[in-house]
Structure formats: C-alpha cells, structure tokens
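Q: Structure file entry-v2.txt (compact mmCIF, N, CA, C and O atoms) is given on the next line.
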```
# COMPACT_ATOMS: atom_id res chain seq x y z
N MET A 269 103.50 131.65 142.30
CA MET A 269 103.53 130.66 141.22
C MET A 269 104.37 131.20 140.07
O MET A 269 104.31 132.37 139.73
N LYS A 270 105.15 130.34 139.48
CA LYS A 270 106.06 130.79 138.43
C LYS A 270 105.33 130.91 137.11
O LYS A 270 104.37 130.21 136.84
N SER A 271 105.80 131.82 136.30
CA SER A 271 105.27 131.89 134.95
C SER A 271 106.05 130.89 134.10
O SER A 271 107.23 130.65 134.33
N ALA A 272 105.39 130.31 133.13
CA ALA A 272 106.03 129.29 132.30
C ALA A 272 107.25 129.83 131.57
O ALA A 272 108.24 129.13 131.40
N MET A 273 107.21 131.08 131.19
CA MET A 273 108.31 131.65 130.42
C MET A 273 109.45 132.15 131.29
O MET A 273 110.55 132.34 130.82
N GLN A 274 109.21 132.34 132.57
CA GLN A 274 110.24 132.90 133.44
C GLN A 274 111.48 132.02 133.47
O GLN A 274 112.60 132.52 133.36
N LEU A 275 111.32 130.72 133.58
CA LEU A 275 112.45 129.80 133.61
C LEU A 275 113.22 129.88 132.30
O LEU A 275 114.45 129.98 132.30
N VAL A 276 112.52 129.87 131.19
CA VAL A 276 113.16 129.94 129.87
C VAL A 276 113.92 131.25 129.73
O VAL A 276 115.05 131.27 129.22
N GLU A 277 113.35 132.34 130.19
CA GLU A 277 114.00 133.64 130.09
C GLU A 277 115.28 133.69 130.93
O GLU A 277 116.30 134.22 130.47
N VAL A 278 115.25 133.13 132.13
CA VAL A 278 116.44 133.13 132.98
C VAL A 278 117.53 132.28 132.34
O VAL A 278 118.69 132.68 132.28
N VAL A 279 117.16 131.10 131.84
CA VAL A 279 118.14 130.23 131.18
C VAL A 279 118.73 130.93 129.96
O VAL A 279 119.95 130.91 129.75
N ASP A 280 117.89 131.56 129.15
CA ASP A 280 118.39 132.27 127.96
C ASP A 280 119.38 133.36 128.35
O ASP A 280 120.40 133.55 127.68
N GLN A 281 119.10 134.07 129.45
CA GLN A 281 120.01 135.12 129.92
C GLN A 281 121.37 134.53 130.27
O GLN A 281 122.41 135.08 129.89
N VAL A 282 121.36 133.41 130.99
CA VAL A 282 122.62 132.77 131.39
C VAL A 282 123.38 132.30 130.14
O VAL A 282 124.60 132.49 130.03
N LEU A 283 122.68 131.70 129.20
CA LEU A 283 123.34 131.21 127.99
C LEU A 283 123.91 132.35 127.16
O LEU A 283 124.97 132.21 126.55
N GLU A 284 123.22 133.47 127.11
CA GLU A 284 123.69 134.63 126.34
C GLU A 284 124.95 135.24 126.95
O GLU A 284 125.87 135.62 126.23
N THR A 285 124.96 135.35 128.28
CA THR A 285 126.09 136.00 128.94
C THR A 285 127.23 135.05 129.23
O THR A 285 128.38 135.48 129.37
N GLY A 286 126.91 133.76 129.38
CA GLY A 286 127.93 132.79 129.75
C GLY A 286 128.30 132.88 131.22
O GLY A 286 129.27 132.28 131.66
N LEU A 287 127.51 133.63 131.99
CA LEU A 287 127.77 133.83 133.41
C LEU A 287 126.57 133.38 134.23
O LEU A 287 125.42 133.57 133.83
N LEU A 288 126.86 132.80 135.41
CA LEU A 288 125.81 132.39 136.32
C LEU A 288 126.07 133.00 137.69
O LEU A 288 126.70 132.40 138.56
N PRO A 289 125.59 134.24 137.89
CA PRO A 289 125.74 134.88 139.20
C PRO A 289 124.95 134.11 140.26
O PRO A 289 123.95 133.45 139.96
N MET A 290 125.40 134.22 141.51
CA MET A 290 124.74 133.51 142.60
C MET A 290 123.26 133.88 142.71
O MET A 290 122.42 133.01 142.98
N ALA A 291 122.92 135.13 142.49
CA ALA A 291 121.52 135.56 142.58
C ALA A 291 120.67 134.87 141.51
O ALA A 291 119.53 134.47 141.77
N VAL A 292 121.22 134.72 140.33
CA VAL A 292 120.50 134.04 139.25
C VAL A 292 120.40 132.55 139.55
O VAL A 292 119.37 131.92 139.29
N GLU A 293 121.45 131.99 140.11
CA GLU A 293 121.42 130.58 140.50
C GLU A 293 120.31 130.33 141.53
O GLU A 293 119.55 129.36 141.42
N ARG A 294 120.19 131.22 142.51
CA ARG A 294 119.11 131.10 143.50
C ARG A 294 117.74 131.21 142.84
O ARG A 294 116.82 130.47 143.18
N LYS A 295 117.62 132.11 141.88
CA LYS A 295 116.35 132.26 141.15
C LYS A 295 116.01 130.98 140.40
O LYS A 295 114.85 130.53 140.41
N LEU A 296 117.02 130.36 139.77
CA LEU A 296 116.79 129.10 139.07
C LEU A 296 116.32 128.02 140.04
O LEU A 296 115.39 127.27 139.73
N TYR A 297 116.96 127.94 141.21
CA TYR A 297 116.53 126.95 142.21
C TYR A 297 115.07 127.17 142.59
O TYR A 297 114.30 126.22 142.71
N GLN A 298 114.68 128.42 142.78
CA GLN A 298 113.30 128.73 143.14
C GLN A 298 112.33 128.30 142.04
O GLN A 298 111.27 127.75 142.31
N LEU A 299 112.71 128.56 140.79
CA LEU A 299 111.85 128.21 139.67
C LEU A 299 111.76 126.70 139.47
O LEU A 299 110.73 126.18 139.04
N LEU A 300 112.84 126.00 139.79
CA LEU A 300 112.87 124.55 139.58
C LEU A 300 112.24 123.77 140.72
O LEU A 300 111.79 122.64 140.53
N GLU A 301 112.19 124.36 141.89
CA GLU A 301 111.76 123.66 143.08
C GLU A 301 110.28 123.25 143.01
O GLU A 301 109.39 124.07 142.90
N GLY A 302 110.06 121.96 143.06
CA GLY A 302 108.71 121.42 143.17
C GLY A 302 107.77 121.74 142.03
O GLY A 302 106.57 121.74 142.22
N SER A 303 108.29 121.98 140.87
CA SER A 303 107.44 122.34 139.73
C SER A 303 107.42 121.23 138.69
O SER A 303 108.35 120.44 138.59
N GLN A 304 106.36 121.20 137.93
CA GLN A 304 106.31 120.35 136.75
C GLN A 304 106.61 121.26 135.57
O GLN A 304 106.25 122.43 135.56
N PHE A 305 107.29 120.70 134.58
CA PHE A 305 107.76 121.52 133.47
C PHE A 305 107.14 121.09 132.15
O PHE A 305 106.89 119.91 131.93
N ASP A 306 106.95 122.06 131.28
CA ASP A 306 106.49 121.74 129.94
C ASP A 306 107.71 121.47 129.05
O ASP A 306 108.86 121.58 129.50
N ALA A 307 107.47 121.11 127.82
CA ALA A 307 108.55 120.73 126.91
C ALA A 307 109.53 121.87 126.67
O ALA A 307 110.74 121.65 126.60
N LYS A 308 109.02 123.09 126.60
CA LYS A 308 109.88 124.25 126.35
C LYS A 308 110.82 124.48 127.54
O LYS A 308 112.00 124.77 127.36
N GLU A 309 110.29 124.35 128.75
CA GLU A 309 111.12 124.53 129.94
C GLU A 309 112.15 123.41 130.07
O GLU A 309 113.30 123.66 130.41
N MET A 310 111.75 122.19 129.78
CA MET A 310 112.69 121.07 129.84
C MET A 310 113.83 121.26 128.84
O MET A 310 114.99 120.99 129.15
N ALA A 311 113.50 121.72 127.64
CA ALA A 311 114.52 121.97 126.63
C ALA A 311 115.50 123.05 127.10
O ALA A 311 116.71 122.93 126.89
N ALA A 312 114.98 124.08 127.76
CA ALA A 312 115.84 125.15 128.26
C ALA A 312 116.78 124.61 129.34
O ALA A 312 117.99 124.92 129.33
N VAL A 313 116.26 123.81 130.25
CA VAL A 313 117.10 123.24 131.30
C VAL A 313 118.16 122.32 130.69
O VAL A 313 119.32 122.35 131.10
N GLU A 314 117.80 121.54 129.71
CA GLU A 314 118.76 120.66 129.03
C GLU A 314 119.87 121.47 128.36
O GLU A 314 121.04 121.10 128.42
N ARG A 315 119.50 122.59 127.71
CA ARG A 315 120.51 123.45 127.07
C ARG A 315 121.47 124.02 128.12
O ARG A 315 122.68 124.07 127.90
N LEU A 316 120.91 124.44 129.25
CA LEU A 316 121.74 124.99 130.32
C LEU A 316 122.69 123.93 130.87
O LEU A 316 123.88 124.19 131.06
N MET A 317 122.18 122.75 131.14
CA MET A 317 123.01 121.67 131.66
C MET A 317 124.13 121.31 130.69
O MET A 317 125.28 121.11 131.10
N GLU A 318 123.82 121.25 129.41
CA GLU A 318 124.83 120.94 128.40
C GLU A 318 125.91 122.01 128.36
O GLU A 318 127.10 121.71 128.32
N ALA A 319 125.50 123.26 128.41
CA ALA A 319 126.46 124.36 128.39
C ALA A 319 127.35 124.32 129.63
O ALA A 319 128.56 124.56 129.54
N MET A 320 126.77 124.00 130.77
CA MET A 320 127.55 123.91 132.00
C MET A 320 128.55 122.76 131.93
O MET A 320 129.70 122.90 132.32
N MET A 321 128.11 121.62 131.42
CA MET A 321 129.00 120.46 131.30
C MET A 321 130.14 120.71 130.33
O MET A 321 131.24 120.17 130.49
N ASN A 322 129.89 121.56 129.34
CA ASN A 322 130.91 121.88 128.34
C ASN A 322 131.79 123.05 128.75
O ASN A 322 132.62 123.52 127.97
N GLY A 323 131.60 123.56 129.96
CA GLY A 323 132.43 124.65 130.48
C GLY A 323 132.12 126.00 129.86
O GLY A 323 132.95 126.91 129.95
N MET A 324 130.94 126.15 129.28
CA MET A 324 130.58 127.41 128.63
C MET A 324 129.97 128.42 129.60
O MET A 324 129.79 129.58 129.24
N ILE A 325 129.64 127.98 130.82
CA ILE A 325 129.02 128.86 131.81
C ILE A 325 129.98 129.00 132.98
O ILE A 325 130.45 128.01 133.53
N GLN A 326 130.24 130.23 133.35
CA GLN A 326 131.15 130.53 134.47
C GLN A 326 130.34 131.03 135.66
O GLN A 326 129.63 132.02 135.57
N PRO A 327 130.44 130.33 136.80
CA PRO A 327 129.79 130.85 138.01
C PRO A 327 130.53 132.08 138.53
O PRO A 327 131.75 132.14 138.45
N VAL A 328 129.78 133.05 138.99
CA VAL A 328 130.37 134.27 139.54
C VAL A 328 129.65 134.63 140.84
O VAL A 328 128.48 134.30 141.02
N ALA A 329 130.38 135.31 141.72
CA ALA A 329 129.82 135.69 143.03
C ALA A 329 128.89 136.86 142.90
O ALA A 329 128.76 137.52 141.96
```
Give the structure from the file, written as structure tokens.

A:
Amino acid sequence: MKSAMQLVEVVDQVLETGLLPMAVERKLYQLLEGSQFDAKEMAAVERLMEAMMNGMIQPVA
C-alpha cells in the first residue's frame, strides 16, 4: 500500500530536477495505479502534468 506522501515526494523530485528517468516513471505508474487520491496528491499530479505540457520535464533513459 502506498503512503500518501510518497506520490507527492516523487512528483516534487521530478519537478525539482526537471528530469523523469524511466525508473521514476515506473514508480509513478505504480503509485497511480488503482488508487484514490487526496487533494494534496491531486495537486501534485496536476503540477506534474502542467510542467510536462509546458516542456519543463525531460524524459531520460
């Protein structure tokens, strides 16, 4: 079971570095899969999506 803060922490890491390694992407998928989210987690996901749409996040192998 995921901790409520784990998703927020992973998103914050990606936003700070501007990089989305494949391992972190897989971790995000695991945290997002089949879960219900609280307001803090939803806000983190929205920030990540916005940054990705604005080209601020670079995927890396």

Q: Report, in Å with one decimal, the straight-line distance from CA of Val279 (chain A) to CA of Phe305 (chain A).

A: 13.7 Å

Q: Write out as a list in words the residues lying within 7 Å of region 309-316 of chain A, counting all atoms listed in the file and excluding same-chain residues fewer than 6 positions away.

A: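 After dropping sequence-adjacent residues, the list is Ala272, Leu275, Val276, Val279, Asp280, Leu283, Asn322 and Ile325 of chain A.
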
Q: As an exercise, work out the distance from CA of Arg294 (chain A) to CA of Met317 (chain A) in Å and give it to one decimal place.

A: 15.6 Å

Q: Considering only strand (DSSP E) as DSSP defines it on the backbone, what residues of chain A qualify? List them as a ChimeraX atom specification.

A: /A:287-289,326-328

Q: Using atom O of Glu301 (chain A) and atom C of Glu318 (chain A) as the two end points, give the distance in Å to one decimal.

A: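 It comes out at 22.1 Å.
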
Q: Put the listed atoms of region 318-321 of chain A in a box along x, y and z with 4 Å added on every side and give me the centre and edge lengths in Å to one decimal, as AutoDock Vina command-line options.

A:
```
--center_x 127.5 --center_y 122.4 --center_z 130.3 --size_x 15.4 --size_y 12.4 --size_z 12.0
```

Q: Quick one: residues within 10 Å of Pro327 (chain A), only C-alpha atoms, excluding same-chain residues fewer than 5 positions away - as a list in words?

A: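 Counting only C-alpha atoms, the residues come to Val282, Gly286, Leu287, Leu288, Pro289, Met290, Val292, Glu293 and Met320 of chain A.
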
Q: Which of chain A end up as alpha helix (DSSP H) when DSSP is run on this backbone - answer as a PyMOL selection string?

A: chain A and resi 272-285+290-300+307-321
